[in-house]
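> What follows is the file coords-v2.txt, containing compact mmCIF, C-alpha atoms and all ligand atoms:
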# COMPACT_ATOMS: atom_id res chain seq x y z
CA MET V 1 -7.44 27.13 5.62
CA ARG V 2 -4.07 25.54 4.92
CA LEU V 3 -4.22 21.73 4.98
CA LEU V 4 -1.27 19.39 4.52
CA GLY V 5 -0.69 15.65 4.24
CA VAL V 6 2.75 14.10 4.68
CA ASP V 7 3.57 10.49 3.75
CA VAL V 8 6.78 9.21 5.32
CA GLY V 9 8.07 6.17 3.44
CA GLY V 10 11.33 4.25 3.25
CA THR V 11 12.41 5.93 0.00
CA PHE V 12 10.70 9.33 0.02
CA VAL V 13 8.86 11.79 2.22
CA LYS V 14 5.97 13.06 0.07
CA TRP V 15 3.59 15.90 0.70
CA TRP V 16 0.30 17.13 -0.70
CA THR V 17 -1.67 20.27 0.13
CA LEU V 18 -5.29 21.08 -0.56
CA SER V 19 -4.12 24.19 -2.41
CA GLY V 20 -2.30 22.04 -4.98
CA GLU V 21 1.32 21.74 -3.84
CA ARG V 22 2.94 18.32 -4.30
CA GLY V 23 6.50 17.41 -3.49
CA LYS V 24 8.91 14.76 -2.33
CA ALA V 25 12.34 14.50 -0.70
CA PRO V 26 14.57 11.41 -0.42
CA SER V 27 14.43 9.63 2.93
CA ARG V 28 16.59 6.57 2.33
CA GLY V 29 19.56 6.31 4.67
CA LEU V 30 18.50 9.17 6.95
CA ASP V 31 18.66 8.85 10.73
CA LEU V 32 15.66 9.73 12.89
CA ARG V 33 16.85 13.29 13.37
CA GLY V 34 17.30 13.84 9.63
CA LEU V 35 13.91 12.34 8.81
CA MET V 36 12.08 14.41 11.41
CA GLY V 37 14.01 17.46 10.21
CA ILE V 38 12.53 17.13 6.70
CA VAL V 39 9.00 17.04 8.11
CA ARG V 40 9.62 19.91 10.56
CA ASP V 41 11.05 22.13 7.80
CA LEU V 42 7.97 21.39 5.73
CA ILE V 43 5.65 22.32 8.60
CA ASP V 44 7.60 25.55 9.21
CA ARG V 45 7.38 26.51 5.55
CA ILE V 46 3.73 25.61 4.88
CA ASN V 47 2.48 26.46 8.38
CA PRO V 48 -0.70 24.38 8.06
CA ASP V 49 -3.82 24.92 10.17
CA SER V 50 -4.21 21.17 10.21
CA TRP V 51 -2.06 18.30 8.93
CA GLY V 52 -2.05 14.53 8.73
CA LEU V 53 0.86 12.12 8.78
CA ALA V 54 0.98 8.73 7.03
CA ILE V 55 3.65 6.23 8.06
CA ALA V 56 4.88 3.17 6.16
CA GLY V 57 4.47 0.77 9.06
CA LEU V 58 2.28 -0.51 11.85
CA VAL V 59 1.40 2.71 13.63
CA ASP V 60 -1.42 2.99 16.17
CA ARG V 61 -3.79 5.90 16.85
CA GLU V 62 -1.49 7.26 19.56
CA GLY V 63 1.29 7.49 16.99
CA PHE V 64 3.43 4.64 18.32
CA VAL V 65 5.24 2.76 15.56
CA TRP V 66 5.18 -0.96 16.39
CA LYS V 67 6.83 -2.24 13.24
CA ALA V 68 8.24 -0.61 10.11
CA PRO V 69 10.17 -3.13 7.99
CA ASN V 70 11.00 -0.53 5.33
CA LEU V 71 11.70 2.27 7.80
CA LYS V 72 13.50 0.59 10.69
CA ILE V 73 14.56 3.88 12.33
CA LEU V 74 10.92 4.56 13.23
CA GLU V 75 10.36 1.25 15.05
CA GLY V 76 9.58 1.87 18.71
CA VAL V 77 9.26 5.64 18.13
CA ARG V 78 6.37 7.65 19.55
CA ILE V 79 5.73 10.11 16.71
CA LEU V 80 4.05 12.66 18.97
CA ASP V 81 7.33 13.05 20.91
CA HIS V 82 8.79 14.57 17.75
CA LEU V 83 5.94 16.04 15.69
CA ASN V 84 2.43 17.38 16.24
CA PRO V 85 0.16 16.07 13.46
CA ASP V 86 -3.62 16.18 13.92
CA ILE V 87 -3.84 12.58 12.75
CA VAL V 88 -1.35 9.71 12.36
CA VAL V 89 -2.29 6.84 10.10
CA ASN V 90 -0.81 3.85 8.28
CA ASP V 91 0.18 4.74 4.69
CA ALA V 92 -2.06 2.15 3.01
CA THR V 93 -5.06 3.35 5.03
CA ALA V 94 -4.25 6.92 4.00
CA ALA V 95 -3.90 5.82 0.37
CA VAL V 96 -7.32 4.18 0.19
CA TYR V 97 -8.90 7.27 1.75
CA GLY V 98 -7.18 9.49 -0.83
CA GLU V 99 -8.44 7.26 -3.66
CA TYR V 100 -11.92 7.16 -2.13
CA ARG V 101 -12.18 10.93 -1.97
CA MET V 102 -10.34 11.99 -5.10
CA GLY V 103 -9.41 8.97 -7.19
CA ALA V 104 -10.56 5.52 -8.30
CA GLY V 105 -12.89 4.87 -5.33
CA ARG V 106 -15.11 7.93 -5.55
CA GLU V 107 -18.57 6.37 -5.73
CA GLY V 108 -17.80 3.25 -3.68
CA ARG V 109 -19.48 2.28 -0.43
CA VAL V 110 -17.06 -0.46 0.62
CA VAL V 111 -13.74 0.38 -1.01
CA LEU V 112 -10.81 -2.01 -0.68
CA MET V 113 -7.39 -1.08 -1.97
CA LEU V 114 -4.34 -3.29 -2.38
CA THR V 115 -0.88 -1.93 -3.07
CA LEU V 116 1.24 -4.43 -4.95
CA GLY V 117 4.96 -3.75 -4.91
CA THR V 118 7.84 -4.60 -2.59
CA GLY V 119 5.15 -6.10 -0.36
CA VAL V 120 1.36 -6.22 -0.39
CA GLY V 121 -0.38 -3.49 1.62
CA GLY V 122 -4.03 -2.65 1.90
CA GLY V 123 -6.68 -0.31 3.23
CA LEU V 124 -10.44 -0.20 3.56
CA VAL V 125 -13.07 2.54 3.56
CA VAL V 126 -16.61 1.70 4.65
CA ASP V 127 -19.42 4.23 4.24
CA GLY V 128 -16.94 7.07 3.91
CA ARG V 129 -14.86 6.20 6.97
CA ILE V 130 -11.57 4.38 7.17
CA PHE V 131 -11.65 0.97 8.78
CA ASP V 132 -8.30 0.51 10.51
CA GLY V 133 -8.96 -2.07 13.18
CA THR V 134 -8.99 -1.93 16.96
CA ASN V 135 -5.94 0.23 17.51
CA GLY V 136 -5.58 1.88 14.12
CA THR V 137 -2.74 -0.22 12.72
CA GLY V 138 -4.93 -1.17 9.78
CA LEU V 139 -5.06 -4.14 7.44
CA GLU V 140 -2.17 -6.47 6.61
CA PRO V 141 -3.48 -8.42 3.61
CA GLY V 142 0.06 -9.26 2.52
CA HIS V 143 0.45 -11.45 5.59
CA MET V 144 -2.64 -13.59 5.17
CA ILE V 145 -1.31 -17.13 5.06
CA ILE V 146 -2.37 -18.72 1.81
CA VAL V 147 -0.06 -21.75 1.81
CA PRO V 148 0.45 -23.71 5.07
CA ASP V 149 4.16 -23.92 5.88
CA GLY V 150 4.90 -22.29 2.51
CA GLU V 151 7.60 -19.89 1.29
CA PRO V 152 9.38 -17.74 3.91
CA CYS V 153 8.02 -14.19 4.21
CA ASN V 154 9.83 -10.98 5.22
CA CYS V 155 7.67 -10.92 8.37
CA GLY V 156 9.29 -14.09 9.69
CA ARG V 157 6.36 -16.43 9.04
CA ARG V 158 5.79 -18.77 6.14
CA GLY V 159 3.22 -18.96 3.38
CA CYS V 160 2.03 -15.32 3.41
CA LEU V 161 0.49 -13.80 0.29
CA GLU V 162 3.45 -11.48 -0.24
CA ALA V 163 5.86 -14.43 -0.08
CA TYR V 164 4.19 -15.43 -3.39
CA PHE V 165 3.14 -12.15 -4.94
CA SER V 166 5.54 -9.22 -4.47
CA SER V 167 8.63 -8.04 -6.28
CA TYR V 168 10.92 -10.00 -3.95
CA ALA V 169 8.84 -13.16 -4.25
CA ILE V 170 8.85 -13.02 -8.06
CA GLU V 171 12.59 -12.31 -8.14
CA ARG V 172 13.25 -15.24 -5.76
CA GLU V 173 11.16 -17.67 -7.78
CA TYR V 174 12.74 -16.58 -11.07
CA ARG V 175 16.20 -17.10 -9.56
CA ARG V 176 15.17 -20.56 -8.37
CA ILE V 177 13.97 -21.83 -11.71
CA SER V 178 16.49 -20.10 -13.99
CA GLY V 179 19.59 -19.64 -11.83
CA GLU V 180 19.67 -15.96 -12.85
CA SER V 181 19.42 -13.14 -10.28
CA LEU V 182 17.29 -10.53 -12.01
CA LYS V 183 15.32 -7.54 -10.77
CA ILE V 184 11.65 -7.04 -11.53
CA PRO V 185 12.09 -4.65 -14.52
CA GLU V 186 14.09 -7.27 -16.44
CA ILE V 187 11.78 -10.14 -15.44
CA SER V 188 8.89 -7.95 -16.52
CA ARG V 189 10.55 -7.30 -19.89
CA ARG V 190 11.02 -11.04 -20.40
CA TYR V 191 7.45 -11.74 -19.32
CA ILE V 192 6.08 -9.22 -21.83
CA SER V 193 8.28 -10.65 -24.60
CA GLY V 194 6.86 -14.11 -23.82
CA GLU V 195 9.91 -15.83 -22.30
CA GLU V 196 8.71 -19.17 -21.00
CA LYS V 197 10.38 -19.07 -17.55
CA ALA V 198 9.23 -15.52 -16.84
CA ARG V 199 5.68 -16.39 -17.89
CA ARG V 200 5.64 -19.44 -15.68
CA VAL V 201 6.86 -17.51 -12.62
CA VAL V 202 4.56 -14.52 -13.11
CA GLU V 203 1.50 -16.64 -13.88
CA ARG V 204 2.07 -18.73 -10.77
CA SER V 205 2.37 -15.53 -8.71
CA ILE V 206 -0.84 -14.14 -10.18
CA GLY V 207 -2.56 -17.41 -9.28
CA HIS V 208 -1.63 -16.88 -5.63
CA LEU V 209 -2.67 -13.24 -5.74
CA HIS V 210 -6.02 -14.32 -7.12
CA LEU V 211 -6.47 -16.65 -4.16
CA GLY V 212 -5.68 -13.86 -1.68
CA VAL V 213 -7.95 -11.35 -3.40
CA LEU V 214 -10.74 -13.89 -3.68
CA ASN V 215 -10.58 -14.48 0.08
CA LEU V 216 -10.59 -10.76 0.83
CA VAL V 217 -13.50 -10.06 -1.50
CA THR V 218 -15.45 -13.02 -0.09
CA VAL V 219 -14.98 -11.76 3.48
CA LEU V 220 -15.33 -8.01 2.97
CA ASN V 221 -17.81 -7.83 0.08
CA PRO V 222 -16.47 -4.57 -1.41
CA ASP V 223 -18.12 -2.82 -4.34
CA VAL V 224 -14.84 -1.26 -5.50
CA LEU V 225 -11.42 -2.91 -5.49
CA ILE V 226 -8.53 -0.59 -6.28
CA LEU V 227 -5.16 -1.98 -7.27
CA GLY V 228 -2.07 0.19 -6.94
CA GLY V 229 1.68 -0.17 -6.59
CA GLY V 230 4.60 -0.73 -8.93
CA LEU V 231 3.72 -4.28 -10.00
CA ILE V 232 0.62 -2.95 -11.78
CA ARG V 233 3.01 -1.30 -14.25
CA ASP V 234 5.51 -4.16 -14.34
CA ILE V 235 2.83 -6.73 -15.22
CA PRO V 236 0.71 -4.79 -17.73
CA ASP V 237 -2.04 -7.43 -18.04
CA LEU V 238 -2.30 -8.02 -14.28
CA VAL V 239 -5.56 -6.15 -13.72
CA ASP V 240 -7.27 -7.78 -16.71
CA ARG V 241 -6.12 -11.25 -15.71
CA LEU V 242 -7.28 -10.78 -12.14
CA ARG V 243 -10.61 -9.40 -13.30
CA SER V 244 -11.13 -12.41 -15.53
CA MET V 245 -10.14 -14.92 -12.82
CA LEU V 246 -12.40 -13.28 -10.23
CA SER V 247 -15.34 -13.22 -12.62
CA LYS V 248 -15.13 -17.01 -12.73
CA SER V 249 -14.35 -17.69 -9.06
CA LEU V 250 -16.62 -15.27 -7.17
CA PHE V 251 -19.97 -16.70 -6.24
CA THR V 252 -21.32 -13.72 -4.31
CA PRO V 253 -24.08 -11.96 -6.23
CA HIS V 254 -22.59 -8.51 -6.33
CA ARG V 255 -21.03 -6.31 -8.91
CA LEU V 256 -17.37 -5.77 -8.16
CA ILE V 257 -15.65 -2.89 -9.91
CA ILE V 258 -11.88 -3.38 -10.22
CA ARG V 259 -9.82 -0.31 -11.06
CA GLU V 260 -6.26 0.87 -11.07
CA ALA V 261 -5.33 3.58 -8.56
CA GLU V 262 -5.47 7.10 -9.99
CA LEU V 263 -3.45 9.23 -7.59
CA GLY V 264 -0.16 7.40 -8.11
CA GLU V 265 2.59 7.97 -5.58
CA PHE V 266 0.71 10.77 -3.80
CA SER V 267 -2.36 8.81 -2.73
CA GLY V 268 -1.03 8.42 0.85
CA ALA V 269 -0.13 12.10 1.29
CA CYS V 270 -3.48 13.10 -0.25
CA GLY V 271 -5.38 10.77 2.09
CA ALA V 272 -3.46 12.01 5.15
CA CYS V 273 -4.33 15.59 4.21
CA LEU V 274 -8.02 14.85 3.68
CA LEU V 275 -8.24 12.83 6.90
CA ALA V 276 -6.77 15.75 8.83
CA ALA V 277 -9.26 18.05 7.09
CA SER V 278 -12.23 15.84 7.93
CA GLY V 279 -11.18 15.64 11.58
CA THR V 280 -12.52 12.08 11.83
CA ARG V 281 -11.12 8.68 11.23
ZN ZN B 301 4.28 -12.36 6.15
Would it be possible to restate this file's structure as structure tokens?

Amino acid sequence: MRLLGVDVGGTFVKWWTLSGERGKAPSRGLDLRGLMGIVRDLIDRINPDSWGLAIAGLVDREGFVWKAPNLKILEGVRILDHLNPDIVVNDATAAVYGEYRMGAGREGRVVLMLTLGTGVGGGLVVDGRIFDGTNGTGLEPGHMIIVPDGEPCNCGRRGCLEAYFSSYAIEREYRRISGESLKIPEISRRYISGEEKARRVVERSIGHLHLGVLNLVTVLNPDVLILGGGLIRDIPDLVDRLRSMLSKSLFTPHRLIIREAELGEFSGACGACLLAASGTR
């Protein structure tokens, strides 16, 4: 049986098959027709018996894309008018399912994953099934408000977690205190070399992330917390720091395992494939 997962993101379309094929094609700057064309060509070539589609945005179970900040051309699009996947799912939900089945979440019962990068995404698996809310649009941990009337967020509100911990938030804060407009790789280099301003900015950001994660863990009581996304690489001691902070701040009597994601950039495509294979959400 040929099974395929496709993850449509703002930078790449990625795919993953159960038989071991992995691939990606650039998606940045494409119009809707071009983007759908990539996926249709893939379907024609692989001819799957079943396939799942992950979308970087708020997509419901009927495949309607409500919001897609990093993939604006999909906003307001009904995916099933263009493609015929067996399942449509949010990319972070697909990613946590991929990690649960084949990566860092294998033996977990309540598995929470956070992706830390341009924004903060997240997904949850409970007893082997994805938890994606009433209509399937999933979790939005990056938009939990952690500071009343705080920093402006890309979503239009203020004080969200990702307005404090994300690549854009760290870049903004560094610019504010130093006057220099730098991208994350350079701020990261300065942080690692011990530059005082970079350390101050990154440590403050980690403090806010800790608050967000502490709230999530307190509410959801997961046994495995998986951290993925580019900022895990950019801040090499992030996972250790967070682990140490949580060990002091958590009062719930459970053992929380914190791990880095294992499937890298293909976790969403892998999860979409395995969700299509399982036939259940
Ligand atoms: Zn927000």
> Counting only C-alpha atoms and all ligand atoms, name the residues that have an atom within 7 Å of an atom of ligand ZN 301 (chain B); the answer should be given as a VMD selection string.
chain V and resid 142 to 143 153 to 158 160 162 to 163
> Could you build a table of the residues in range 97-203 of chain V lying no more than 9 Å from range 221-237 of chain V, giving for each the nearest pair of atoms and their separation in Å rounded to one decimal place, using all atoms listed in the file, ordered by chain and ascending residue number, as JSON lines?

{"residue": "V:Glu99", "atom": "CA", "partner": "V:Ile226", "partner_atom": "CA", "distance": 8.3}
{"residue": "V:Ala104", "atom": "CA", "partner": "V:Ile226", "partner_atom": "CA", "distance": 6.7}
{"residue": "V:Gly105", "atom": "CA", "partner": "V:Val224", "partner_atom": "CA", "distance": 6.4}
{"residue": "V:Glu107", "atom": "CA", "partner": "V:Val224", "partner_atom": "CA", "distance": 8.5}
{"residue": "V:Gly108", "atom": "CA", "partner": "V:Val224", "partner_atom": "CA", "distance": 5.7}
{"residue": "V:Arg109", "atom": "CA", "partner": "V:Asp223", "partner_atom": "CA", "distance": 6.6}
{"residue": "V:Val110", "atom": "CA", "partner": "V:Pro222", "partner_atom": "CA", "distance": 4.6}
{"residue": "V:Val111", "atom": "CA", "partner": "V:Val224", "partner_atom": "CA", "distance": 4.9}
{"residue": "V:Leu112", "atom": "CA", "partner": "V:Leu225", "partner_atom": "CA", "distance": 4.9}
{"residue": "V:Met113", "atom": "CA", "partner": "V:Ile226", "partner_atom": "CA", "distance": 4.5}
{"residue": "V:Leu114", "atom": "CA", "partner": "V:Leu227", "partner_atom": "CA", "distance": 5.1}
{"residue": "V:Thr115", "atom": "CA", "partner": "V:Gly228", "partner_atom": "CA", "distance": 4.6}
{"residue": "V:Leu116", "atom": "CA", "partner": "V:Gly229", "partner_atom": "CA", "distance": 4.6}
{"residue": "V:Gly117", "atom": "CA", "partner": "V:Gly230", "partner_atom": "CA", "distance": 5.0}
{"residue": "V:Thr118", "atom": "CA", "partner": "V:Gly230", "partner_atom": "CA", "distance": 8.1}
{"residue": "V:Val120", "atom": "CA", "partner": "V:Gly229", "partner_atom": "CA", "distance": 8.7}
{"residue": "V:Leu124", "atom": "CA", "partner": "V:Pro222", "partner_atom": "CA", "distance": 9.0}
{"residue": "V:Val126", "atom": "CA", "partner": "V:Pro222", "partner_atom": "CA", "distance": 8.7}
{"residue": "V:Ser166", "atom": "CA", "partner": "V:Leu231", "partner_atom": "CA", "distance": 7.6}
{"residue": "V:Ser167", "atom": "CA", "partner": "V:Leu231", "partner_atom": "CA", "distance": 7.2}
{"residue": "V:Ile184", "atom": "CA", "partner": "V:Asp234", "partner_atom": "CA", "distance": 7.3}
{"residue": "V:Pro185", "atom": "CA", "partner": "V:Asp234", "partner_atom": "CA", "distance": 6.6}
{"residue": "V:Ile187", "atom": "CA", "partner": "V:Asp234", "partner_atom": "CA", "distance": 8.7}
{"residue": "V:Ser188", "atom": "CA", "partner": "V:Asp234", "partner_atom": "CA", "distance": 5.5}
{"residue": "V:Arg189", "atom": "CA", "partner": "V:Asp234", "partner_atom": "CA", "distance": 8.1}
{"residue": "V:Tyr191", "atom": "CA", "partner": "V:Ile235", "partner_atom": "CA", "distance": 8.0}
{"residue": "V:Ile192", "atom": "CA", "partner": "V:Ile235", "partner_atom": "CA", "distance": 7.8}
{"residue": "V:Val202", "atom": "CA", "partner": "V:Ile235", "partner_atom": "CA", "distance": 8.3}
> Go through V:Asp60, V:Glu265, V:Asp49, V:Glu195 one by one, measure the shortest atom-to-atom distance of each to Val8 in chain V using only C-alpha atoms, and give the residue with the smallest value.
V:Glu265
> Select, from V:Ile79, V:Ala56, V:Leu42, V:Ala277, the residue with the minimum atom-to-atom distance to Thr11 in chain V, counting only C-alpha atoms.
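When distances to Thr11 in chain V are compared using only C-alpha atoms, the smallest one comes from V:Ala56.
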> Pick out the residues sitting within 12 Å of Ser244 in chain V, and hand them over as a ChimeraX atom specification; count all atoms listed in the file, and ignore anything fewer than 6 positions along from it in its own chain.
/V:206-207,210,214,237-238,250,256-258
> Select, from V:Ile46, V:Val39, V:Leu139, V:Val65, the residue with the minimum atom-to-atom distance to Thr17 in chain V, counting only C-alpha atoms.
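Going through V:Ile46, V:Val39, V:Leu139, V:Val65 one by one, the smallest distance to Thr17 in chain V is for V:Ile46.
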> Find the distance between CA of Pro48 in chain V and CA of Glu62 in chain V and write it in Å to one decimal.
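Interatomic distance, CA of Pro48 in chain V to CA of Glu62 in chain V: 20.6 Å.
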> Could you check which of V:Arg200, V:Ile170, V:Arg45, V:Trp16 is closest to Glu186 in chain V, using only C-alpha atoms?
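Closest to Glu186 in chain V of all the choices is V:Ile170.
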> Using all atoms listed in the file, which of the listed residues (V:Lys24, V:Arg2, V:Arg176, V:Lys72) sits closest to Trp51 in chain V?
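Looking only at the distances to Trp51 in chain V, the closest residue turns out to be V:Arg2.
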> Please list, as a PyMOL selection string, the residues that have an atom at most 7 Å away from (-10.0, 0.2, 6.5) in the coordinates of this file, counting only C-alpha atoms.
chain V and resi 93+123-125+130-132+138-139
> In Å, rounded to a single decimal, give me how far CA of Gly121 in chain V is from CA of Ser278 in chain V.
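Separation of CA of Ser278 in chain V and CA of Gly121 in chain V: 23.5 Å.
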